[in-house]
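> Below is the file final.pdb, which contains PDB, C-alpha atoms.
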```
ATOM      1  CA  MET D  29     193.602 108.803 306.078
ATOM      2  CA  MET D  30     197.328 108.857 306.866
ATOM      3  CA  LEU D  31     197.997 106.877 303.733
ATOM      4  CA  LYS D  32     196.000 109.377 301.719
ATOM      5  CA  ILE D  33     198.022 112.311 303.061
ATOM      6  CA  TRP D  34     201.247 110.393 302.464
ATOM      7  CA  ASN D  35     200.266 109.656 298.881
ATOM      8  CA  TRP D  36     199.278 113.265 298.302
ATOM      9  CA  LEU D  37     202.641 114.433 299.674
ATOM     10  CA  LYS D  38     204.504 111.897 297.551
ATOM     11  CA  ASN D  39     202.586 112.994 294.492
ATOM     12  CA  PHE D  40     203.284 116.667 295.245
ATOM     13  CA  TYR D  41     206.970 115.943 295.733
ATOM     14  CA  HIS D  42     207.217 114.171 292.390
ATOM     15  CA  LYS D  43     205.416 116.996 290.650
ATOM     16  CA  MET D  44     207.760 119.513 292.304
ATOM     17  CA  GLY D  45     210.582 117.708 290.565
ATOM     18  CA  SER D  46     209.088 118.455 287.178
ATOM     19  CA  PRO D  47     210.257 121.815 285.777
ATOM     20  CA  LYS D  48     207.237 122.080 283.489
ATOM     21  CA  TRP D  49     204.733 121.555 286.287
ATOM     22  CA  PHE D  50     206.616 124.052 288.474
ATOM     23  CA  TYR D  51     206.753 126.618 285.696
ATOM     24  CA  ASP D  52     203.029 126.333 284.966
ATOM     25  CA  ILE D  53     201.797 126.520 288.549
ATOM     26  CA  SER D  54     204.198 129.287 289.604
ATOM     27  CA  GLY D  55     203.025 131.335 286.627
ATOM     28  CA  ARG D  56     199.519 131.236 288.044
ATOM     29  CA  TRP D  57     200.770 132.364 291.482
ATOM     30  CA  LEU D  58     202.773 135.374 290.274
ATOM     31  CA  PRO D  59     199.906 137.915 289.903
ATOM     32  CA  TRP D  60     198.475 136.993 293.328
ATOM     33  CA  LEU D  61     201.846 137.184 295.037
ATOM     34  CA  THR D  62     202.489 140.574 293.431
ATOM     35  CA  ALA D  63     199.114 141.946 294.550
ATOM     36  CA  VAL D  64     199.369 140.617 298.101
ATOM     37  CA  SER D  65     202.950 141.799 298.658
ATOM     38  CA  VAL D  66     202.283 145.296 297.285
ATOM     39  CA  LEU D  67     199.123 145.618 299.367
ATOM     40  CA  LEU D  68     200.566 144.273 302.642
ATOM     41  CA  ILE D  69     203.877 146.127 302.439
ATOM     42  CA  GLY D  70     202.135 149.319 301.286
ATOM     43  CA  VAL D  71     199.704 149.282 304.202
ATOM     44  CA  ALA D  72     202.427 148.321 306.691
ATOM     45  CA  VAL D  73     204.832 151.068 305.560
ATOM     46  CA  VAL D  74     202.198 153.852 305.602
ATOM     47  CA  TRP D  75     200.890 152.627 308.957
ATOM     48  CA  GLY D  76     204.393 152.357 310.377
ATOM     49  CA  LEU D  77     205.617 155.735 309.110
ATOM     50  CA  VAL D  78     202.487 157.844 309.534
ATOM     51  CA  PHE D  79     200.000 156.358 311.977
ATOM     52  CA  ALA D  80     202.002 154.285 314.460
ATOM     53  CA  PRO D  81     202.842 156.299 317.586
ATOM     54  CA  GLU D  82     206.342 157.306 318.589
ATOM     55  CA  ASP D  83     208.249 154.920 320.823
ATOM     56  CA  PHE D  84     208.520 156.417 324.300
ATOM     57  CA  ARG D  85     212.171 155.468 324.675
ATOM     58  CA  GLN D  86     213.607 155.475 321.142
ATOM     59  CA  GLY D  87     211.463 158.193 319.547
ATOM     60  CA  ASN D  88     210.953 157.948 315.797
ATOM     61  CA  SER D  89     214.048 155.926 314.927
ATOM     62  CA  TYR D  90     212.233 152.721 315.913
ATOM     63  CA  ARG D  91     210.175 153.023 312.690
ATOM     64  CA  ILE D  92     213.087 151.256 310.982
ATOM     65  CA  ILE D  93     211.794 148.095 312.687
ATOM     66  CA  PHE D  94     209.105 147.655 310.011
ATOM     67  CA  ILE D  95     211.847 146.824 307.496
ATOM     68  CA  HIS D  96     214.640 145.631 309.738
ATOM     69  CA  VAL D  97     212.782 142.729 311.377
ATOM     70  CA  PRO D  98     211.184 141.273 308.209
ATOM     71  CA  ALA D  99     214.522 141.546 306.373
ATOM     72  CA  ALA D 100     216.356 139.773 309.200
ATOM     73  CA  PHE D 101     213.684 137.028 309.256
ATOM     74  CA  LEU D 102     213.992 136.466 305.524
ATOM     75  CA  ALA D 103     217.780 136.465 305.627
ATOM     76  CA  GLN D 104     217.602 133.528 308.069
ATOM     77  CA  PHE D 105     214.650 131.841 306.349
ATOM     78  CA  GLY D 106     216.499 131.982 303.027
ATOM     79  CA  TYR D 107     219.510 130.192 304.449
ATOM     80  CA  ILE D 108     217.372 127.461 306.035
ATOM     81  CA  LEU D 109     215.618 127.064 302.679
ATOM     82  CA  MET D 110     218.994 126.634 300.973
ATOM     83  CA  ALA D 111     220.046 124.009 303.533
ATOM     84  CA  VAL D 112     216.806 122.036 303.002
ATOM     85  CA  ALA D 113     217.204 122.304 299.226
ATOM     86  CA  GLY D 114     220.823 121.208 299.664
ATOM     87  CA  ILE D 115     219.788 118.055 301.527
ATOM     88  CA  VAL D 116     217.114 117.245 298.916
ATOM     89  CA  SER D 117     219.660 117.835 296.174
ATOM     90  CA  LEU D 118     222.362 115.633 297.712
ATOM     91  CA  VAL D 119     220.074 112.779 298.799
ATOM     92  CA  TRP D 120     217.512 112.594 295.979
ATOM     93  CA  LYS D 121     219.399 114.422 293.209
ATOM     94  CA  MET D 122     216.372 116.559 292.473
ATOM     95  CA  LYS D 123     217.166 119.107 289.765
ATOM     96  CA  MET D 124     214.588 121.611 290.994
ATOM     97  CA  ALA D 125     216.246 121.664 294.433
ATOM     98  CA  ASP D 126     219.476 122.840 292.795
ATOM     99  CA  VAL D 127     217.579 125.571 290.987
ATOM    100  CA  ALA D 128     215.885 126.647 294.242
ATOM    101  CA  LEU D 129     219.193 126.745 296.124
ATOM    102  CA  LYS D 130     220.986 128.721 293.428
ATOM    103  CA  CYS D 131     218.153 131.255 293.085
ATOM    104  CA  THR D 132     217.670 131.755 296.838
ATOM    105  CA  ALA D 133     221.295 132.793 297.451
ATOM    106  CA  PRO D 134     221.243 136.302 295.894
ATOM    107  CA  ILE D 135     217.815 137.097 297.379
ATOM    108  CA  GLY D 136     218.823 135.930 300.854
ATOM    109  CA  ALA D 137     222.044 137.934 300.563
ATOM    110  CA  SER D 138     220.024 141.021 299.609
ATOM    111  CA  PHE D 139     217.779 140.730 302.661
ATOM    112  CA  CYS D 140     220.773 140.061 304.894
ATOM    113  CA  PHE D 141     222.360 143.226 303.507
ATOM    114  CA  ILE D 142     219.144 145.190 304.177
ATOM    115  CA  ALA D 143     219.003 143.858 307.755
ATOM    116  CA  LEU D 144     222.625 144.843 308.400
ATOM    117  CA  VAL D 145     222.369 148.307 306.832
ATOM    118  CA  THR D 146     219.049 149.252 308.442
ATOM    119  CA  GLY D 147     220.427 147.910 311.730
ATOM    120  CA  ALA D 148     223.512 150.101 311.432
ATOM    121  CA  ILE D 149     221.389 153.165 310.635
ATOM    122  CA  TRP D 150     219.131 152.365 313.582
ATOM    123  CA  GLY D 151     222.140 151.811 315.848
ATOM    124  CA  LYS D 152     223.570 155.296 315.336
ATOM    125  CA  PRO D 153     220.808 157.292 317.102
ATOM    126  CA  THR D 154     220.013 154.464 319.540
ATOM    127  CA  TRP D 155     223.426 153.199 320.679
ATOM    128  CA  GLY D 156     225.549 156.061 319.380
ATOM    129  CA  ALA D 157     227.488 153.791 317.003
ATOM    130  CA  TRP D 158     226.935 152.478 313.481
ATOM    131  CA  TRP D 159     228.535 149.173 314.301
ATOM    132  CA  VAL D 160     229.575 147.236 317.408
ATOM    133  CA  TRP D 161     231.167 143.793 317.464
ATOM    134  CA  ASP D 162     228.241 142.333 319.304
ATOM    135  CA  ALA D 163     227.224 138.654 318.999
ATOM    136  CA  ARG D 164     224.004 139.303 317.081
ATOM    137  CA  LEU D 165     225.595 141.713 314.625
ATOM    138  CA  THR D 166     228.670 139.561 314.099
ATOM    139  CA  SER D 167     226.670 136.376 313.475
ATOM    140  CA  MET D 168     224.509 138.259 310.949
ATOM    141  CA  LEU D 169     227.654 139.496 309.204
ATOM    142  CA  ILE D 170     228.853 135.875 309.039
ATOM    143  CA  LEU D 171     225.492 134.977 307.470
ATOM    144  CA  LEU D 172     226.112 137.544 304.727
ATOM    145  CA  PHE D 173     229.557 136.066 304.092
ATOM    146  CA  LEU D 174     228.054 132.564 303.935
ATOM    147  CA  TYR D 175     225.591 133.761 301.295
ATOM    148  CA  LEU D 176     228.377 135.420 299.327
ATOM    149  CA  GLY D 177     230.377 132.198 299.661
ATOM    150  CA  VAL D 178     227.546 130.143 298.153
ATOM    151  CA  ILE D 179     227.170 132.648 295.297
ATOM    152  CA  ALA D 180     230.915 132.674 294.645
ATOM    153  CA  LEU D 181     231.149 128.860 294.691
ATOM    154  CA  GLN D 182     228.250 128.538 292.250
ATOM    155  CA  SER D 183     229.757 130.989 289.789
ATOM    156  CA  ALA D 184     233.349 129.785 290.127
ATOM    157  CA  ILE D 185     232.656 126.138 289.274
ATOM    158  CA  GLU D 186     231.931 125.538 285.600
ATOM    159  CA  ASN D 187     230.416 122.080 285.892
ATOM    160  CA  ARG D 188     226.776 122.466 286.894
ATOM    161  CA  ILE D 189     226.577 119.281 288.949
ATOM    162  CA  THR D 190     229.781 120.000 290.889
ATOM    163  CA  ALA D 191     228.694 123.608 291.468
ATOM    164  CA  ALA D 192     225.330 122.432 292.817
ATOM    165  CA  LYS D 193     227.045 119.932 295.118
ATOM    166  CA  ALA D 194     229.481 122.521 296.493
ATOM    167  CA  GLY D 195     226.644 124.992 297.083
ATOM    168  CA  ALA D 196     224.587 122.318 298.837
ATOM    169  CA  ILE D 197     227.429 121.370 301.186
ATOM    170  CA  LEU D 198     228.214 124.974 302.164
ATOM    171  CA  SER D 199     224.483 125.622 302.745
ATOM    172  CA  ILE D 200     224.119 122.582 305.000
ATOM    173  CA  VAL D 201     227.284 123.265 306.992
ATOM    174  CA  GLY D 202     226.550 127.000 307.287
ATOM    175  CA  VAL D 203     223.068 126.479 308.698
ATOM    176  CA  ILE D 204     224.716 125.960 312.116
ATOM    177  CA  ASN D 205     224.991 129.762 312.189
ATOM    178  CA  ILE D 206     221.184 130.150 312.301
ATOM    179  CA  PRO D 207     220.623 128.964 315.907
ATOM    180  CA  ILE D 208     223.668 131.032 316.882
ATOM    181  CA  ILE D 209     221.967 134.134 315.445
ATOM    182  CA  LYS D 210     218.702 133.285 317.152
ATOM    183  CA  TYR D 211     220.119 132.688 320.626
ATOM    184  CA  SER D 212     222.946 135.249 320.415
ATOM    185  CA  VAL D 213     220.836 137.799 322.283
ATOM    186  CA  GLU D 214     220.260 135.302 325.104
ATOM    187  CA  TRP D 215     223.639 133.538 325.334
ATOM    188  CA  TRP D 216     225.796 136.622 325.306
ATOM    189  CA  ASN D 217     225.459 139.996 326.926
ATOM    190  CA  THR D 218     224.641 142.017 323.866
ATOM    191  CA  LEU D 219     223.669 145.538 323.009
ATOM    192  CA  HIS D 220     221.022 144.246 320.603
ATOM    193  CA  GLN D 221     217.539 144.198 322.068
ATOM    194  CA  PRO D 222     215.873 140.784 322.588
ATOM    195  CA  ALA D 223     213.305 139.427 320.141
ATOM    196  CA  THR D 224     210.241 141.592 319.540
ATOM    197  CA  LEU D 225     208.110 138.826 318.054
ATOM    198  CA  LYS D 226     207.844 135.552 319.932
ATOM    199  CA  ILE D 227     205.965 132.466 318.908
ATOM    200  CA  THR D 228     205.434 130.946 322.337
ATOM    201  CA  GLU D 229     204.779 134.067 324.378
ATOM    202  CA  LYS D 230     202.753 137.191 323.914
ATOM    203  CA  SER D 231     204.703 140.060 322.361
ATOM    204  CA  THR D 232     205.420 143.014 324.608
ATOM    205  CA  MET D 233     204.828 145.423 321.743
ATOM    206  CA  ALA D 234     201.775 147.691 321.667
ATOM    207  CA  PRO D 235     199.159 146.535 319.113
ATOM    208  CA  GLU D 236     199.341 149.786 317.103
ATOM    209  CA  MET D 237     202.987 148.934 316.404
ATOM    210  CA  LEU D 238     202.646 145.159 316.380
ATOM    211  CA  ILE D 239     199.945 144.924 313.680
ATOM    212  CA  PRO D 240     201.878 146.879 311.023
ATOM    213  CA  LEU D 241     204.981 144.854 311.906
ATOM    214  CA  LEU D 242     203.127 141.571 311.371
ATOM    215  CA  LEU D 243     201.633 142.853 308.098
ATOM    216  CA  SER D 244     205.098 143.829 306.957
ATOM    217  CA  VAL D 245     206.534 140.412 307.866
ATOM    218  CA  PHE D 246     203.823 138.589 305.881
ATOM    219  CA  GLY D 247     204.171 141.029 302.992
ATOM    220  CA  PHE D 248     207.921 140.519 302.838
ATOM    221  CA  TYR D 249     207.510 136.727 302.887
ATOM    222  CA  CYS D 250     205.232 137.049 299.833
ATOM    223  CA  LEU D 251     207.748 139.358 298.167
ATOM    224  CA  PHE D 252     210.556 136.898 298.849
ATOM    225  CA  THR D 253     208.492 134.092 297.285
ATOM    226  CA  LEU D 254     207.746 136.298 294.281
ATOM    227  CA  MET D 255     211.419 137.159 293.744
ATOM    228  CA  LEU D 256     212.421 133.516 294.134
ATOM    229  CA  LEU D 257     209.800 132.238 291.672
ATOM    230  CA  MET D 258     210.776 134.865 289.098
ATOM    231  CA  ARG D 259     214.415 133.799 289.259
ATOM    232  CA  MET D 260     213.604 130.086 289.277
ATOM    233  CA  ARG D 261     211.377 130.438 286.213
ATOM    234  CA  ASN D 262     214.206 132.131 284.319
ATOM    235  CA  ASP D 263     216.554 129.334 285.336
ATOM    236  CA  ILE D 264     214.066 126.716 284.133
ATOM    237  CA  LEU D 265     213.708 128.465 280.761
ATOM    238  CA  GLU D 266     217.473 128.537 280.406
ATOM    239  CA  ASN D 267     218.111 124.933 281.500
ATOM    240  CA  GLU D 268     215.246 123.451 279.485
ATOM    241  CA  ARG D 269     215.554 125.696 276.439
ATOM    242  CA  ARG D 270     215.977 122.730 274.114
ATOM    243  CA  THR D 271     212.720 121.062 275.164
ATOM    244  CA  ARG D 272     209.607 121.431 273.072
ATOM    245  CA  TRP D 273     207.461 122.990 275.835
ATOM    246  CA  VAL D 274     209.975 125.761 276.567
ATOM    247  CA  ARG D 275     210.351 126.469 272.834
ATOM    248  CA  ASN D 276     206.591 126.802 272.621
ATOM    249  CA  ILE D 277     206.504 129.258 275.532
ATOM    250  CA  LEU D 278     209.327 131.346 274.070
ATOM    251  CA  MET D 279     207.727 131.229 270.635
ATOM    252  CA  GLU D 280     204.601 132.882 272.050
ATOM    253  CA  GLN D 281     206.713 135.640 273.624
ATOM    254  CA  THR D 282     208.585 136.688 270.503
TER     255      THR D 282
ATOM    256  CA  MET C  22     202.740 172.223 305.279
ATOM    257  CA  ASN C  23     204.570 172.678 308.562
ATOM    258  CA  GLU C  24     203.045 169.491 309.840
ATOM    259  CA  PHE C  25     204.381 167.638 306.808
ATOM    260  CA  ILE C  26     207.904 168.979 307.322
ATOM    261  CA  ASN C  27     207.749 168.058 310.987
ATOM    262  CA  TRP C  28     206.712 164.562 310.012
ATOM    263  CA  LEU C  29     209.602 164.303 307.538
ATOM    264  CA  TYR C  30     212.023 165.586 310.167
ATOM    265  CA  MET C  31     210.782 163.104 312.812
ATOM    266  CA  ASP C  32     212.386 165.035 315.677
ATOM    267  CA  GLY C  33     215.803 164.634 314.132
ATOM    268  CA  HIS C  34     215.446 160.927 313.311
ATOM    269  CA  GLY C  35     214.152 161.651 309.791
ATOM    270  CA  PRO C  36     217.497 161.231 307.980
ATOM    271  CA  TYR C  37     218.022 157.831 309.646
ATOM    272  CA  VAL C  38     214.524 156.536 308.969
ATOM    273  CA  TRP C  39     214.380 157.811 305.374
ATOM    274  CA  SER C  40     217.811 156.554 304.405
ATOM    275  CA  ALA C  41     216.970 153.106 305.851
ATOM    276  CA  TYR C  42     213.733 152.965 303.848
ATOM    277  CA  GLY C  43     215.410 154.377 300.734
ATOM    278  CA  ILE C  44     218.299 151.899 300.656
ATOM    279  CA  SER C  45     215.901 149.010 301.271
ATOM    280  CA  ALA C  46     213.638 150.171 298.434
ATOM    281  CA  VAL C  47     216.590 150.258 296.028
ATOM    282  CA  VAL C  48     217.701 146.719 296.952
ATOM    283  CA  VAL C  49     214.139 145.359 296.683
ATOM    284  CA  LEU C  50     213.582 147.071 293.338
ATOM    285  CA  PHE C  51     216.822 145.643 291.997
ATOM    286  CA  ASN C  52     215.683 142.137 292.958
ATOM    287  CA  VAL C  53     212.401 142.589 291.100
ATOM    288  CA  VAL C  54     213.773 144.307 287.989
ATOM    289  CA  SER C  55     216.820 142.089 287.395
ATOM    290  CA  PRO C  56     214.821 138.853 286.802
ATOM    291  CA  LEU C  57     212.456 140.791 284.504
ATOM    292  CA  LEU C  58     215.405 142.000 282.426
ATOM    293  CA  LYS C  59     216.899 138.518 282.445
ATOM    294  CA  ARG C  60     213.651 137.106 281.071
ATOM    295  CA  LYS C  61     213.639 139.678 278.298
ATOM    296  CA  GLU C  62     217.211 138.731 277.433
ATOM    297  CA  LEU C  63     216.290 135.021 277.301
ATOM    298  CA  VAL C  64     213.396 135.739 274.932
ATOM    299  CA  ASN C  65     215.655 137.868 272.688
ATOM    300  CA  GLN C  66     218.311 135.166 272.702
ATOM    301  CA  PHE C  67     215.747 132.603 271.600
ATOM    302  CA  ASP C  68     214.490 134.959 268.917
ATOM    303  CA  ARG C  69     217.979 135.270 267.427
ATOM    304  CA  GLN C  70     218.448 131.516 267.583
ATOM    305  CA  LEU C  71     215.150 130.951 265.774
ATOM    306  CA  ARG C  72     216.150 133.304 262.982
ATOM    307  CA  ARG C  73     219.522 131.567 262.639
ATOM    308  CA  GLU C  74     217.779 128.205 262.353
ATOM    309  CA  LYS C  75     215.456 129.584 259.706
ATOM    310  CA  THR C  76     218.260 130.959 257.518
ATOM    311  CA  GLN C  77     220.190 127.719 257.894
ATOM    312  CA  SER C  78     217.258 125.574 256.850
ATOM    313  CA  SER C  79     216.516 127.790 253.827
ATOM    314  CA  LEU C  80     220.058 127.431 252.516
TER     315      LEU C  80
END
```
Produce structure tokens that represent the structure in this file.


Amino acid sequence: MMLKIWNWLKNFYHKMGSPKWFYDISGRWLPWLTAVSVLLIGVAVVWGLVFAPEDFRQGNSYRIIFIHVPAAFLAQFGYILMAVAGIVSLVWKMKMADVALKCTAPIGASFCFIALVTGAIWGKPTWGAWWVWDARLTSMLILLFLYLGVIALQSAIENRITAAKAGAILSIVGVINIPIIKYSVEWWNTLHQPATLKITEKSTMAPEMLIPLLLSVFGFYCLFTLMLLMRMRNDILENERRTRWVRNILMEQT
Amino acid sequence: MNEFINWLYMDGHGPYVWSAYGISAVVVLFNVVSPLLKRKELVNQFDRQLRREKTQSSL
């Protein structure tokens, strides 16, 4: 049994390394990912803006949570993904890992930007300030700079292999910031409220707010995957444009 | 109608909530549209290359 699972995993890993296999299978996922993300985010946003009750302490401003929390999750998830891809790239020299790392950076940066901006807008009516140099906010700002650093490194270095290596190293080193973000609200006395969603304990949020939040989180994860696959597929077409299978695909499009 | 305006206003928090949702929508849309445009550009690029190859081989 264990051997079977191991072999399946090994097989999957080898297939993942093949751009053609990745391109074919991701093409089949795209319509489903689009449908699920539109549906989940649509329901969550309408529920959150129209039907969810007002928060008894914060009033209506808390409705920003339905974007702020998923965006902050994805900003951190994206960086962890880059670090994992970076390790795979450095250790096994897998080409697809480089593509994944390079394509995740701008998407992760976008979600980090959304988390910071929606947080600032939420902070104004709640704390009376757009920005405070609090541990959670500062570590998220550092995350944005790390993303921008990876993007800048990738575009500044001409040689593709060197650029991939530099991006991988910065991703792996920078991942140390992720636990700092996570525990910042516990280690330091911060203005930022503690986590709303917890894996090990029951959330303190009322279900009529919690359900749309969870829907939104799942919807945004699907959207993130969709954006990443779209970018990766473009990168594959560009890198493999001289191969017969890519020429055939492009031939059908023109 | 009044109810709708009250909902938009959100007891004064409307501008905050709507600007947060609006900015996020723009960033998300950009991340969906830009790879679509990039794909179109790749296809066009290939199209031009194909035509070049054709004229070269006919010479």

> What is the distance between atom CA of D:Met279 and atom CA of C:Phe51, in Å to one decimal?

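So the answer is 27.3 Å.
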
> Extract, using only C-alpha atoms, all DNA, RNA and protein residues at most 10 Å from C:Trp39, discarding same-chain residues fewer than 5 positions from it, and format them as a PDB file with C-alpha atoms, in the frame of the given file.


```pdb
ATOM      1  CA  LEU D  77     205.617 155.735 309.110  1.00  0.00           C
ATOM      2  CA  SER D  89     214.048 155.926 314.927  1.00  0.00           C
ATOM      3  CA  ARG D  91     210.175 153.023 312.690  1.00  0.00           C
ATOM      4  CA  ILE D  92     213.087 151.256 310.982  1.00  0.00           C
ATOM      5  CA  ILE D 149     221.389 153.165 310.635  1.00  0.00           C
TER       6      ILE D 149
ATOM      7  CA  LEU C  29     209.602 164.303 307.538  1.00  0.00           C
ATOM      8  CA  TYR C  30     212.023 165.586 310.167  1.00  0.00           C
ATOM      9  CA  MET C  31     210.782 163.104 312.812  1.00  0.00           C
ATOM     10  CA  HIS C  34     215.446 160.927 313.311  1.00  0.00           C
ATOM     11  CA  ILE C  44     218.299 151.899 300.656  1.00  0.00           C
ATOM     12  CA  SER C  45     215.901 149.010 301.271  1.00  0.00           C
TER      13      SER C  45
END
```

> I'd like to see the residues matched by the PyMOL selection byres ((chain C) within 9 of (chain D)) on this file, and ideally I'd get them as a PyMOL selection string.

chain C and resi 28+31-35+37-42+44-45+48-49+52-53+55-57+59-60+63-65+67-68+71

> Rounded to one decimal, what separation in Å do you get between atom CA of D:Thr271 and atom CA of D:Tyr51?

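Rounded to one decimal, the two atoms are 13.3 Å apart.
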
> Which residues are near D:Ser244? Cut-off 7 Å, all atoms listed in the file, ignore same chain within fewer than 4 positions. Put them as a count of residues only.

7

> Quick one: distance from atom CA of D:Val127 to atom CA of D:Ile179 in Å, one decimal?

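It comes out at 12.7 Å.
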
> Check what the PyMOL selection byres ((chain D and resi 166-168) around 10) selects in the file above and give those residues as a list in words.

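Answer for the PyMOL selection byres ((chain D and resi 166-168) around 10): Ala100, Ala103, Gln104, Cys140, Phe141, Ala143, Leu144, Trp159, Val160, Trp161, Asp162, Ala163, Arg164, Leu165, Leu169, Ile170, Leu171, Leu172, Phe173, Leu174, Asn205, Ile206, Pro207, Ile208, Ile209, Lys210 and Ser212 of chain D.
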
> Name the closest residue to D:Ile197 among the candidates D:Glu236, D:Asp52, D:Asp83, D:Asp126; distances are taken between atoms, counting all atoms listed in the file.

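Using all atoms listed in the file, the shortest distance to D:Ile197 belongs to D:Asp126.
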
> Got a minute to add N, CA and C atoms to stretch 22-40 of chain C and dump it as a PDB file, in the frame of the given file?


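Printed below is selection10.pdb as written:
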```
ATOM      1  N   MET C  22     201.392 172.298 305.842  1.00  0.00           N
ATOM      2  CA  MET C  22     202.740 172.223 305.279  1.00  0.00           C
ATOM      3  C   MET C  22     203.771 171.987 306.386  1.00  0.00           C
ATOM      4  N   ASN C  23     203.654 172.814 307.443  1.00  0.00           N
ATOM      5  CA  ASN C  23     204.570 172.678 308.562  1.00  0.00           C
ATOM      6  C   ASN C  23     204.494 171.294 309.196  1.00  0.00           C
ATOM      7  N   GLU C  24     203.271 170.809 309.248  1.00  0.00           N
ATOM      8  CA  GLU C  24     203.045 169.491 309.840  1.00  0.00           C
ATOM      9  C   GLU C  24     203.774 168.416 309.041  1.00  0.00           C
ATOM     10  N   PHE C  25     203.728 168.600 307.702  1.00  0.00           N
ATOM     11  CA  PHE C  25     204.381 167.638 306.808  1.00  0.00           C
ATOM     12  C   PHE C  25     205.890 167.652 307.010  1.00  0.00           C
ATOM     13  N   ILE C  26     206.453 168.867 307.127  1.00  0.00           N
ATOM     14  CA  ILE C  26     207.904 168.979 307.322  1.00  0.00           C
ATOM     15  C   ILE C  26     208.315 168.388 308.669  1.00  0.00           C
ATOM     16  N   ASN C  27     207.473 168.642 309.669  1.00  0.00           N
ATOM     17  CA  ASN C  27     207.749 168.058 310.987  1.00  0.00           C
ATOM     18  C   ASN C  27     207.748 166.544 310.938  1.00  0.00           C
ATOM     19  N   TRP C  28     206.799 166.022 310.142  1.00  0.00           N
ATOM     20  CA  TRP C  28     206.712 164.562 310.012  1.00  0.00           C
ATOM     21  C   TRP C  28     207.969 164.016 309.320  1.00  0.00           C
ATOM     22  N   LEU C  29     208.392 164.726 308.245  1.00  0.00           N
ATOM     23  CA  LEU C  29     209.602 164.303 307.538  1.00  0.00           C
ATOM     24  C   LEU C  29     210.814 164.347 308.471  1.00  0.00           C
ATOM     25  N   TYR C  30     210.871 165.366 309.294  1.00  0.00           N
ATOM     26  CA  TYR C  30     212.023 165.586 310.167  1.00  0.00           C
ATOM     27  C   TYR C  30     212.071 164.552 311.294  1.00  0.00           C
ATOM     28  N   MET C  31     210.910 164.129 311.760  1.00  0.00           N
ATOM     29  CA  MET C  31     210.782 163.104 312.812  1.00  0.00           C
ATOM     30  C   MET C  31     211.650 163.405 314.031  1.00  0.00           C
ATOM     31  N   ASP C  32     211.614 164.621 314.501  1.00  0.00           N
ATOM     32  CA  ASP C  32     212.386 165.035 315.677  1.00  0.00           C
ATOM     33  C   ASP C  32     213.870 164.707 315.537  1.00  0.00           C
ATOM     34  N   GLY C  33     214.373 164.865 314.340  1.00  0.00           N
ATOM     35  CA  GLY C  33     215.803 164.634 314.132  1.00  0.00           C
ATOM     36  C   GLY C  33     216.130 163.235 313.656  1.00  0.00           C
ATOM     37  N   HIS C  34     215.175 162.297 313.761  1.00  0.00           N
ATOM     38  CA  HIS C  34     215.446 160.927 313.311  1.00  0.00           C
ATOM     39  C   HIS C  34     215.120 160.715 311.838  1.00  0.00           C
ATOM     40  N   GLY C  35     214.537 161.750 311.204  1.00  0.00           N
ATOM     41  CA  GLY C  35     214.152 161.651 309.791  1.00  0.00           C
ATOM     42  C   GLY C  35     215.232 161.105 308.880  1.00  0.00           C
ATOM     43  N   PRO C  36     216.447 161.715 308.879  1.00  0.00           N
ATOM     44  CA  PRO C  36     217.497 161.231 307.980  1.00  0.00           C
ATOM     45  C   PRO C  36     217.793 159.742 308.164  1.00  0.00           C
ATOM     46  N   TYR C  37     217.756 159.260 309.400  1.00  0.00           N
ATOM     47  CA  TYR C  37     218.022 157.831 309.646  1.00  0.00           C
ATOM     48  C   TYR C  37     216.903 156.975 309.058  1.00  0.00           C
ATOM     49  N   VAL C  38     215.671 157.341 309.414  1.00  0.00           N
ATOM     50  CA  VAL C  38     214.524 156.536 308.969  1.00  0.00           C
ATOM     51  C   VAL C  38     214.436 156.537 307.442  1.00  0.00           C
ATOM     52  N   TRP C  39     214.549 157.735 306.829  1.00  0.00           N
ATOM     53  CA  TRP C  39     214.380 157.811 305.374  1.00  0.00           C
ATOM     54  C   TRP C  39     215.501 157.123 304.622  1.00  0.00           C
ATOM     55  N   SER C  40     216.733 157.236 305.130  1.00  0.00           N
ATOM     56  CA  SER C  40     217.811 156.554 304.405  1.00  0.00           C
ATOM     57  C   SER C  40     217.648 155.037 304.528  1.00  0.00           C
TER      58      SER C  40
END
```
